[in-house]
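Structure file input20.txt (compact mmCIF, N, CA and C atoms) follows.
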# COMPACT_ATOMS: atom_id res chain seq x y z
N MET X 1 -30.24 -75.51 -1.12
CA MET X 1 -31.50 -75.02 -1.65
C MET X 1 -31.94 -75.99 -2.75
N PRO X 2 -33.16 -76.51 -2.68
CA PRO X 2 -33.62 -77.46 -3.68
C PRO X 2 -33.85 -76.77 -5.02
N GLU X 3 -33.49 -77.49 -6.09
CA GLU X 3 -33.79 -76.99 -7.43
C GLU X 3 -35.17 -77.48 -7.82
N THR X 4 -35.87 -76.69 -8.59
CA THR X 4 -37.20 -77.08 -9.02
C THR X 4 -37.47 -76.57 -10.43
N ASN X 5 -38.17 -77.38 -11.18
CA ASN X 5 -38.63 -76.95 -12.50
C ASN X 5 -40.06 -76.47 -12.42
N GLU X 6 -40.63 -76.55 -11.23
CA GLU X 6 -42.01 -76.12 -11.03
C GLU X 6 -42.06 -74.59 -10.93
N ASP X 7 -43.25 -74.07 -11.16
CA ASP X 7 -43.47 -72.64 -11.03
C ASP X 7 -43.27 -72.24 -9.57
N LEU X 8 -42.43 -71.24 -9.31
CA LEU X 8 -42.23 -70.76 -7.95
C LEU X 8 -43.51 -70.12 -7.43
N TYR X 9 -43.75 -70.28 -6.12
CA TYR X 9 -44.87 -69.59 -5.48
C TYR X 9 -44.38 -68.19 -5.14
N ALA X 10 -45.09 -67.18 -5.55
CA ALA X 10 -44.63 -65.80 -5.42
C ALA X 10 -45.65 -64.93 -4.70
N VAL X 11 -45.13 -63.99 -3.94
CA VAL X 11 -45.94 -62.92 -3.37
C VAL X 11 -45.40 -61.64 -3.99
N ALA X 12 -46.25 -60.95 -4.74
CA ALA X 12 -45.84 -59.74 -5.45
C ALA X 12 -46.61 -58.54 -4.92
N ASP X 13 -45.88 -57.55 -4.49
CA ASP X 13 -46.45 -56.28 -4.06
C ASP X 13 -46.21 -55.32 -5.22
N PHE X 14 -47.28 -54.78 -5.77
CA PHE X 14 -47.06 -53.89 -6.91
C PHE X 14 -47.94 -52.65 -6.84
N CYS X 15 -47.43 -51.60 -7.43
CA CYS X 15 -48.12 -50.32 -7.47
C CYS X 15 -48.18 -49.88 -8.93
N LEU X 16 -49.36 -49.89 -9.50
CA LEU X 16 -49.57 -49.52 -10.89
C LEU X 16 -50.06 -48.07 -10.93
N VAL X 17 -49.35 -47.23 -11.70
CA VAL X 17 -49.67 -45.81 -11.76
C VAL X 17 -49.94 -45.39 -13.21
N PRO X 18 -51.21 -45.13 -13.55
CA PRO X 18 -51.52 -44.62 -14.90
C PRO X 18 -50.96 -43.20 -15.05
N ILE X 19 -50.38 -42.92 -16.22
CA ILE X 19 -49.77 -41.62 -16.48
C ILE X 19 -50.36 -41.04 -17.77
N GLY X 20 -50.59 -39.74 -17.77
CA GLY X 20 -51.04 -39.07 -18.98
C GLY X 20 -52.53 -39.19 -19.25
N THR X 21 -53.30 -39.41 -18.20
CA THR X 21 -54.74 -39.57 -18.40
C THR X 21 -55.46 -38.23 -18.52
N GLY X 22 -54.81 -37.16 -18.07
CA GLY X 22 -55.44 -35.84 -18.11
C GLY X 22 -56.51 -35.66 -17.05
N GLU X 23 -56.60 -36.59 -16.12
CA GLU X 23 -57.61 -36.52 -15.05
C GLU X 23 -56.91 -36.35 -13.70
N PRO X 24 -57.55 -35.66 -12.76
CA PRO X 24 -56.92 -35.48 -11.46
C PRO X 24 -56.90 -36.75 -10.62
N SER X 25 -57.80 -37.68 -10.90
CA SER X 25 -57.88 -38.93 -10.14
C SER X 25 -57.62 -40.12 -11.06
N VAL X 26 -56.94 -41.12 -10.54
CA VAL X 26 -56.72 -42.34 -11.30
C VAL X 26 -57.57 -43.50 -10.76
N ALA X 27 -58.54 -43.19 -9.90
CA ALA X 27 -59.34 -44.22 -9.25
C ALA X 27 -60.06 -45.13 -10.24
N GLU X 28 -60.57 -44.58 -11.34
CA GLU X 28 -61.25 -45.42 -12.33
C GLU X 28 -60.30 -46.44 -12.93
N TYR X 29 -59.05 -46.05 -13.14
CA TYR X 29 -58.05 -46.95 -13.72
C TYR X 29 -57.65 -48.02 -12.71
N VAL X 30 -57.50 -47.63 -11.47
CA VAL X 30 -57.15 -48.58 -10.42
C VAL X 30 -58.31 -49.57 -10.23
N ALA X 31 -59.54 -49.09 -10.30
CA ALA X 31 -60.70 -49.97 -10.20
C ALA X 31 -60.70 -50.99 -11.33
N GLU X 32 -60.27 -50.57 -12.51
CA GLU X 32 -60.19 -51.50 -13.65
C GLU X 32 -59.19 -52.61 -13.35
N CYS X 33 -58.06 -52.25 -12.79
CA CYS X 33 -57.06 -53.25 -12.40
C CYS X 33 -57.64 -54.18 -11.33
N ALA X 34 -58.37 -53.64 -10.37
CA ALA X 34 -58.99 -54.46 -9.32
C ALA X 34 -59.96 -55.47 -9.92
N ARG X 35 -60.69 -55.07 -10.95
CA ARG X 35 -61.61 -55.99 -11.63
C ARG X 35 -60.83 -57.15 -12.26
N VAL X 36 -59.70 -56.83 -12.86
CA VAL X 36 -58.86 -57.87 -13.47
C VAL X 36 -58.37 -58.84 -12.40
N LEU X 37 -57.88 -58.30 -11.29
CA LEU X 37 -57.34 -59.15 -10.23
C LEU X 37 -58.43 -60.05 -9.65
N GLU X 38 -59.63 -59.54 -9.53
CA GLU X 38 -60.74 -60.33 -8.99
C GLU X 38 -60.99 -61.57 -9.84
N LYS X 39 -60.80 -61.45 -11.14
CA LYS X 39 -61.06 -62.57 -12.06
C LYS X 39 -59.95 -63.62 -12.06
N THR X 40 -58.78 -63.31 -11.49
CA THR X 40 -57.65 -64.23 -11.55
C THR X 40 -57.84 -65.48 -10.70
N GLY X 41 -58.59 -65.35 -9.63
CA GLY X 41 -58.71 -66.46 -8.71
C GLY X 41 -57.54 -66.56 -7.74
N LEU X 42 -56.55 -65.67 -7.89
CA LEU X 42 -55.40 -65.65 -7.00
C LEU X 42 -55.75 -64.86 -5.74
N THR X 43 -55.02 -65.12 -4.67
CA THR X 43 -55.18 -64.32 -3.47
C THR X 43 -54.65 -62.92 -3.77
N HIS X 44 -55.44 -61.93 -3.46
CA HIS X 44 -55.01 -60.56 -3.70
C HIS X 44 -55.67 -59.64 -2.69
N LYS X 45 -55.04 -58.49 -2.51
CA LYS X 45 -55.57 -57.49 -1.60
C LYS X 45 -55.16 -56.13 -2.12
N MET X 46 -56.06 -55.21 -2.08
CA MET X 46 -55.73 -53.86 -2.50
C MET X 46 -55.53 -53.00 -1.25
N ALA X 47 -54.39 -52.35 -1.20
CA ALA X 47 -54.08 -51.42 -0.12
C ALA X 47 -53.52 -50.19 -0.81
N HIS X 48 -52.54 -49.52 -0.21
CA HIS X 48 -51.93 -48.39 -0.90
C HIS X 48 -51.32 -48.87 -2.20
N CYS X 49 -50.86 -50.09 -2.21
CA CYS X 49 -50.44 -50.80 -3.41
C CYS X 49 -51.20 -52.11 -3.36
N GLY X 50 -51.14 -52.86 -4.41
CA GLY X 50 -51.82 -54.14 -4.41
C GLY X 50 -50.83 -55.26 -4.21
N PHE X 51 -51.35 -56.44 -3.87
CA PHE X 51 -50.46 -57.59 -3.89
C PHE X 51 -51.22 -58.78 -4.43
N GLU X 52 -50.49 -59.63 -5.10
CA GLU X 52 -50.98 -60.87 -5.67
C GLU X 52 -50.16 -61.99 -5.08
N GLU X 53 -50.76 -63.15 -4.95
CA GLU X 53 -50.05 -64.28 -4.39
C GLU X 53 -50.46 -65.52 -5.14
N GLY X 54 -49.48 -66.29 -5.59
CA GLY X 54 -49.75 -67.53 -6.31
C GLY X 54 -48.55 -67.93 -7.14
N PRO X 55 -48.76 -68.83 -8.10
CA PRO X 55 -47.66 -69.24 -8.97
C PRO X 55 -47.08 -68.04 -9.72
N TRP X 56 -45.75 -68.01 -9.83
CA TRP X 56 -45.03 -66.90 -10.46
C TRP X 56 -45.67 -66.52 -11.79
N SER X 57 -45.88 -67.48 -12.66
CA SER X 57 -46.40 -67.17 -14.00
C SER X 57 -47.80 -66.57 -13.94
N ALA X 58 -48.63 -67.04 -13.01
CA ALA X 58 -49.98 -66.49 -12.88
C ALA X 58 -49.95 -65.07 -12.33
N VAL X 59 -49.05 -64.82 -11.38
CA VAL X 59 -48.91 -63.47 -10.81
C VAL X 59 -48.44 -62.49 -11.88
N MET X 60 -47.44 -62.90 -12.66
CA MET X 60 -46.93 -62.02 -13.72
C MET X 60 -48.00 -61.78 -14.79
N LYS X 61 -48.78 -62.81 -15.10
CA LYS X 61 -49.86 -62.64 -16.08
C LYS X 61 -50.92 -61.67 -15.55
N ALA X 62 -51.22 -61.75 -14.26
CA ALA X 62 -52.21 -60.84 -13.67
C ALA X 62 -51.74 -59.39 -13.77
N ILE X 63 -50.46 -59.15 -13.49
CA ILE X 63 -49.93 -57.78 -13.59
C ILE X 63 -49.95 -57.33 -15.05
N HIS X 64 -49.57 -58.22 -15.96
CA HIS X 64 -49.66 -57.91 -17.40
C HIS X 64 -51.10 -57.56 -17.78
N ASP X 65 -52.05 -58.36 -17.34
CA ASP X 65 -53.45 -58.13 -17.70
C ASP X 65 -53.98 -56.82 -17.12
N CYS X 66 -53.48 -56.42 -15.94
CA CYS X 66 -53.85 -55.11 -15.39
C CYS X 66 -53.34 -54.01 -16.32
N HIS X 67 -52.10 -54.13 -16.77
CA HIS X 67 -51.56 -53.14 -17.70
C HIS X 67 -52.42 -53.07 -18.96
N ALA X 68 -52.73 -54.21 -19.54
CA ALA X 68 -53.52 -54.23 -20.77
C ALA X 68 -54.88 -53.59 -20.56
N ALA X 69 -55.53 -53.89 -19.44
CA ALA X 69 -56.87 -53.34 -19.17
C ALA X 69 -56.83 -51.84 -18.94
N VAL X 70 -55.82 -51.36 -18.23
CA VAL X 70 -55.71 -49.92 -17.95
C VAL X 70 -55.35 -49.16 -19.23
N HIS X 71 -54.50 -49.73 -20.08
CA HIS X 71 -54.25 -49.11 -21.39
C HIS X 71 -55.54 -49.08 -22.21
N ALA X 72 -56.29 -50.17 -22.20
CA ALA X 72 -57.54 -50.23 -22.97
C ALA X 72 -58.54 -49.20 -22.47
N LYS X 73 -58.45 -48.84 -21.19
CA LYS X 73 -59.34 -47.83 -20.61
C LYS X 73 -58.91 -46.42 -21.01
N GLY X 74 -57.70 -46.28 -21.60
CA GLY X 74 -57.30 -44.98 -22.10
C GLY X 74 -56.01 -44.40 -21.56
N ALA X 75 -55.38 -45.08 -20.62
CA ALA X 75 -54.12 -44.56 -20.09
C ALA X 75 -53.01 -44.81 -21.12
N PRO X 76 -52.37 -43.74 -21.60
CA PRO X 76 -51.34 -43.93 -22.62
C PRO X 76 -50.03 -44.49 -22.06
N ARG X 77 -49.78 -44.29 -20.77
CA ARG X 77 -48.55 -44.76 -20.13
C ARG X 77 -48.89 -45.31 -18.75
N ILE X 78 -48.09 -46.27 -18.32
CA ILE X 78 -48.24 -46.83 -16.98
C ILE X 78 -46.85 -47.08 -16.42
N ALA X 79 -46.66 -46.69 -15.17
CA ALA X 79 -45.43 -47.03 -14.45
C ALA X 79 -45.82 -47.96 -13.31
N THR X 80 -45.10 -49.05 -13.19
CA THR X 80 -45.40 -50.02 -12.13
C THR X 80 -44.13 -50.39 -11.38
N ASP X 81 -44.20 -50.31 -10.07
CA ASP X 81 -43.13 -50.81 -9.20
C ASP X 81 -43.58 -52.17 -8.70
N ILE X 82 -42.68 -53.15 -8.77
CA ILE X 82 -43.02 -54.51 -8.34
C ILE X 82 -41.93 -55.02 -7.39
N ARG X 83 -42.38 -55.57 -6.28
CA ARG X 83 -41.47 -56.26 -5.36
C ARG X 83 -42.00 -57.69 -5.23
N ILE X 84 -41.15 -58.68 -5.51
CA ILE X 84 -41.59 -60.07 -5.50
C ILE X 84 -40.76 -60.86 -4.50
N GLY X 85 -41.45 -61.66 -3.72
CA GLY X 85 -40.77 -62.56 -2.80
C GLY X 85 -41.13 -64.00 -3.12
N THR X 86 -40.14 -64.87 -3.05
CA THR X 86 -40.36 -66.31 -3.19
C THR X 86 -39.58 -67.01 -2.08
N ARG X 87 -39.95 -68.23 -1.80
CA ARG X 87 -39.16 -69.02 -0.86
C ARG X 87 -39.33 -70.49 -1.20
N VAL X 88 -38.27 -71.25 -0.97
CA VAL X 88 -38.31 -72.68 -1.24
C VAL X 88 -37.91 -73.49 0.00
N ASP X 89 -37.67 -72.80 1.12
CA ASP X 89 -37.27 -73.50 2.33
C ASP X 89 -38.43 -74.11 3.09
N LYS X 90 -39.64 -73.72 2.76
CA LYS X 90 -40.82 -74.35 3.35
C LYS X 90 -41.98 -74.17 2.39
N GLU X 91 -42.93 -75.07 2.49
CA GLU X 91 -44.07 -75.02 1.59
C GLU X 91 -45.13 -74.09 2.16
N LEU X 92 -45.56 -73.17 1.33
CA LEU X 92 -46.63 -72.24 1.73
C LEU X 92 -47.95 -72.72 1.17
N GLN X 93 -48.96 -72.65 1.98
CA GLN X 93 -50.30 -72.94 1.50
C GLN X 93 -50.79 -71.73 0.73
N PRO X 94 -51.45 -71.92 -0.41
CA PRO X 94 -51.95 -70.77 -1.18
C PRO X 94 -52.75 -69.81 -0.31
N GLY X 95 -52.44 -68.54 -0.46
CA GLY X 95 -53.14 -67.50 0.27
C GLY X 95 -52.58 -67.20 1.64
N THR X 96 -51.48 -67.86 2.03
CA THR X 96 -50.96 -67.65 3.37
C THR X 96 -49.63 -66.90 3.41
N GLY X 97 -49.04 -66.62 2.27
CA GLY X 97 -47.73 -65.98 2.22
C GLY X 97 -47.66 -64.68 2.97
N ASN X 98 -48.49 -63.74 2.63
CA ASN X 98 -48.48 -62.44 3.28
C ASN X 98 -49.24 -62.47 4.60
N ALA X 99 -50.32 -63.21 4.65
CA ALA X 99 -51.15 -63.26 5.86
C ALA X 99 -50.33 -63.76 7.05
N HIS X 100 -49.50 -64.76 6.84
CA HIS X 100 -48.68 -65.30 7.92
C HIS X 100 -47.71 -64.25 8.44
N LYS X 101 -47.11 -63.50 7.52
CA LYS X 101 -46.15 -62.45 7.93
C LYS X 101 -46.84 -61.40 8.78
N VAL X 102 -48.00 -60.95 8.35
CA VAL X 102 -48.75 -59.93 9.09
C VAL X 102 -49.16 -60.46 10.45
N LYS X 103 -49.66 -61.70 10.48
CA LYS X 103 -50.09 -62.29 11.74
C LYS X 103 -48.93 -62.40 12.73
N ARG X 104 -47.78 -62.80 12.24
CA ARG X 104 -46.61 -62.95 13.11
C ARG X 104 -46.20 -61.61 13.73
N VAL X 105 -46.20 -60.54 12.95
CA VAL X 105 -45.86 -59.21 13.47
C VAL X 105 -46.91 -58.77 14.48
N GLU X 106 -48.19 -59.01 14.20
CA GLU X 106 -49.25 -58.64 15.14
C GLU X 106 -49.09 -59.38 16.47
N GLU X 107 -48.69 -60.66 16.40
CA GLU X 107 -48.46 -61.43 17.64
C GLU X 107 -47.33 -60.82 18.44
N ILE X 108 -46.26 -60.42 17.80
CA ILE X 108 -45.12 -59.81 18.50
C ILE X 108 -45.54 -58.49 19.14
N LEU X 109 -46.29 -57.67 18.42
CA LEU X 109 -46.75 -56.39 18.96
C LEU X 109 -47.70 -56.61 20.15
N ALA X 110 -48.57 -57.60 20.06
CA ALA X 110 -49.48 -57.91 21.16
C ALA X 110 -48.70 -58.36 22.39
N ARG X 111 -47.67 -59.19 22.17
CA ARG X 111 -46.82 -59.65 23.27
C ARG X 111 -46.13 -58.46 23.93
N ASP X 112 -45.63 -57.53 23.12
CA ASP X 112 -44.95 -56.35 23.65
C ASP X 112 -45.91 -55.47 24.46
N ALA X 113 -47.15 -55.38 24.00
CA ALA X 113 -48.13 -54.55 24.68
C ALA X 113 -48.44 -55.10 26.07
N LYS X 114 -48.36 -56.42 26.24
CA LYS X 114 -48.63 -57.04 27.53
C LYS X 114 -47.46 -56.86 28.50
N ALA X 115 -46.29 -56.66 27.97
CA ALA X 115 -45.08 -56.58 28.82
C ALA X 115 -44.98 -55.28 29.57
Using structure tokens, write down the structure from this file.
Amino acid sequence: MPETNEDLYAVADFCLVPIGTGEPSVAEYVAECARVLEKTGLTHKMAHCGFEEGPWSAVMKAIHDCHAAVHAKGAPRIATDIRIGTRVDKELQPGTGNAHKVKRVEEILARDAKA
């Protein structure tokens, strides 16, 4: 495995949950996080959880900035689950880390459907 002093390319799947807002919905807080992610310039997608893709330090800063923005909006507590993947065995083009995985699974399922 090659050693590198460069920032690792990371794909982070994270779920940010505002706690103690006193509201039945956290959609406004999640929307605030989405606004932050939009400004990062990193590849991101919001699903049941969100994911960010790019240099490790930029991804971690984006998650930090989401926390700061959601606290600023009034959430006294936040719980976040984060799953991060990196790889150094092949070079990934920015924005292709998760997309390639999804495409590969879709190809396998399509092949199975034809069989």
Quick one: pick out all alpha helix (DSSP H) residues within range 14-92 of chain X from a backbone DSSP run and write them as an MDAnalysis selection string. chainID X and resid 27:40 56:72
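The interatomic distance for the pair CA of Ser57 in chain X and CA of Ile84 in chain X works out to 12.1 Å.
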What gap, in Å, lies between CA of Lys39 in chain X and CA of Ala62 in chain X?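 Interatomic distance, CA of Lys39 in chain X to CA of Ala62 in chain X: 9.2 Å.
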CA of Arg77 in chain X to CA of Glu32 in chain X, distance in Å rounded to a single decimal: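 Separation of CA of Arg77 in chain X and CA of Glu32 in chain X: 14.9 Å.
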Contact residues around range 28-30 of chain X with only C-alpha atoms at 9 Å, ignoring same-chain residues under 4 positions, as a PyMOL selection string: chain X and resi 16-18+34-35+66+69-71+73-75
Set up a box along x, y and z of the file covering all listed atoms of range 26-41 of chain X, add 6 Å on every one of the six sides, and write the centre and edge lengths in Å to one decimal, as JSON.
{"center_x": -59.2, "center_y": -53.8, "center_z": -10.7, "size_x": 16.9, "size_y": 37.4, "size_z": 18.0}
Near Leu8 in chain X, counting all atoms listed in the file, which residues have an atom at most 6 Å away, once you skip same-chain residues fewer than 6 positions from it, shown as a PDB file with N, CA and C atoms, in the coordinates of the input?
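Saved file result-v4.pdb follows:
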ATOM      1  N   GLY X  54     -49.480 -66.290  -5.590  1.00  0.00           N
ATOM      2  CA  GLY X  54     -49.750 -67.530  -6.310  1.00  0.00           C
ATOM      3  C   GLY X  54     -48.550 -67.930  -7.140  1.00  0.00           C
ATOM      4  N   PRO X  55     -48.760 -68.830  -8.100  1.00  0.00           N
ATOM      5  CA  PRO X  55     -47.660 -69.240  -8.970  1.00  0.00           C
ATOM      6  C   PRO X  55     -47.080 -68.040  -9.720  1.00  0.00           C
ATOM      7  N   TRP X  56     -45.750 -68.010  -9.830  1.00  0.00           N
ATOM      8  CA  TRP X  56     -45.030 -66.900 -10.460  1.00  0.00           C
ATOM      9  C   TRP X  56     -45.670 -66.520 -11.790  1.00  0.00           C
TER      10      TRP X  56
END
So which residues touch Asp81 in chain X within 6 Å, counting only N, CA and C atoms, skipping near sequence neighbours fewer than 6 positions away, as a PyMOL selection string? chain X and resi 13-16
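Nearest to Ala10 in chain X of all the residues X:Ala115, X:Ile78, X:Ala72, X:Val59 is X:Val59, based on only C-alpha atoms.
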Could you pull out all residues of chain X with a DSSP call of strand (DSSP E or B) and give them as a PyMOL selection string? chain X and resi 9-19+43-46+50-55+77-86
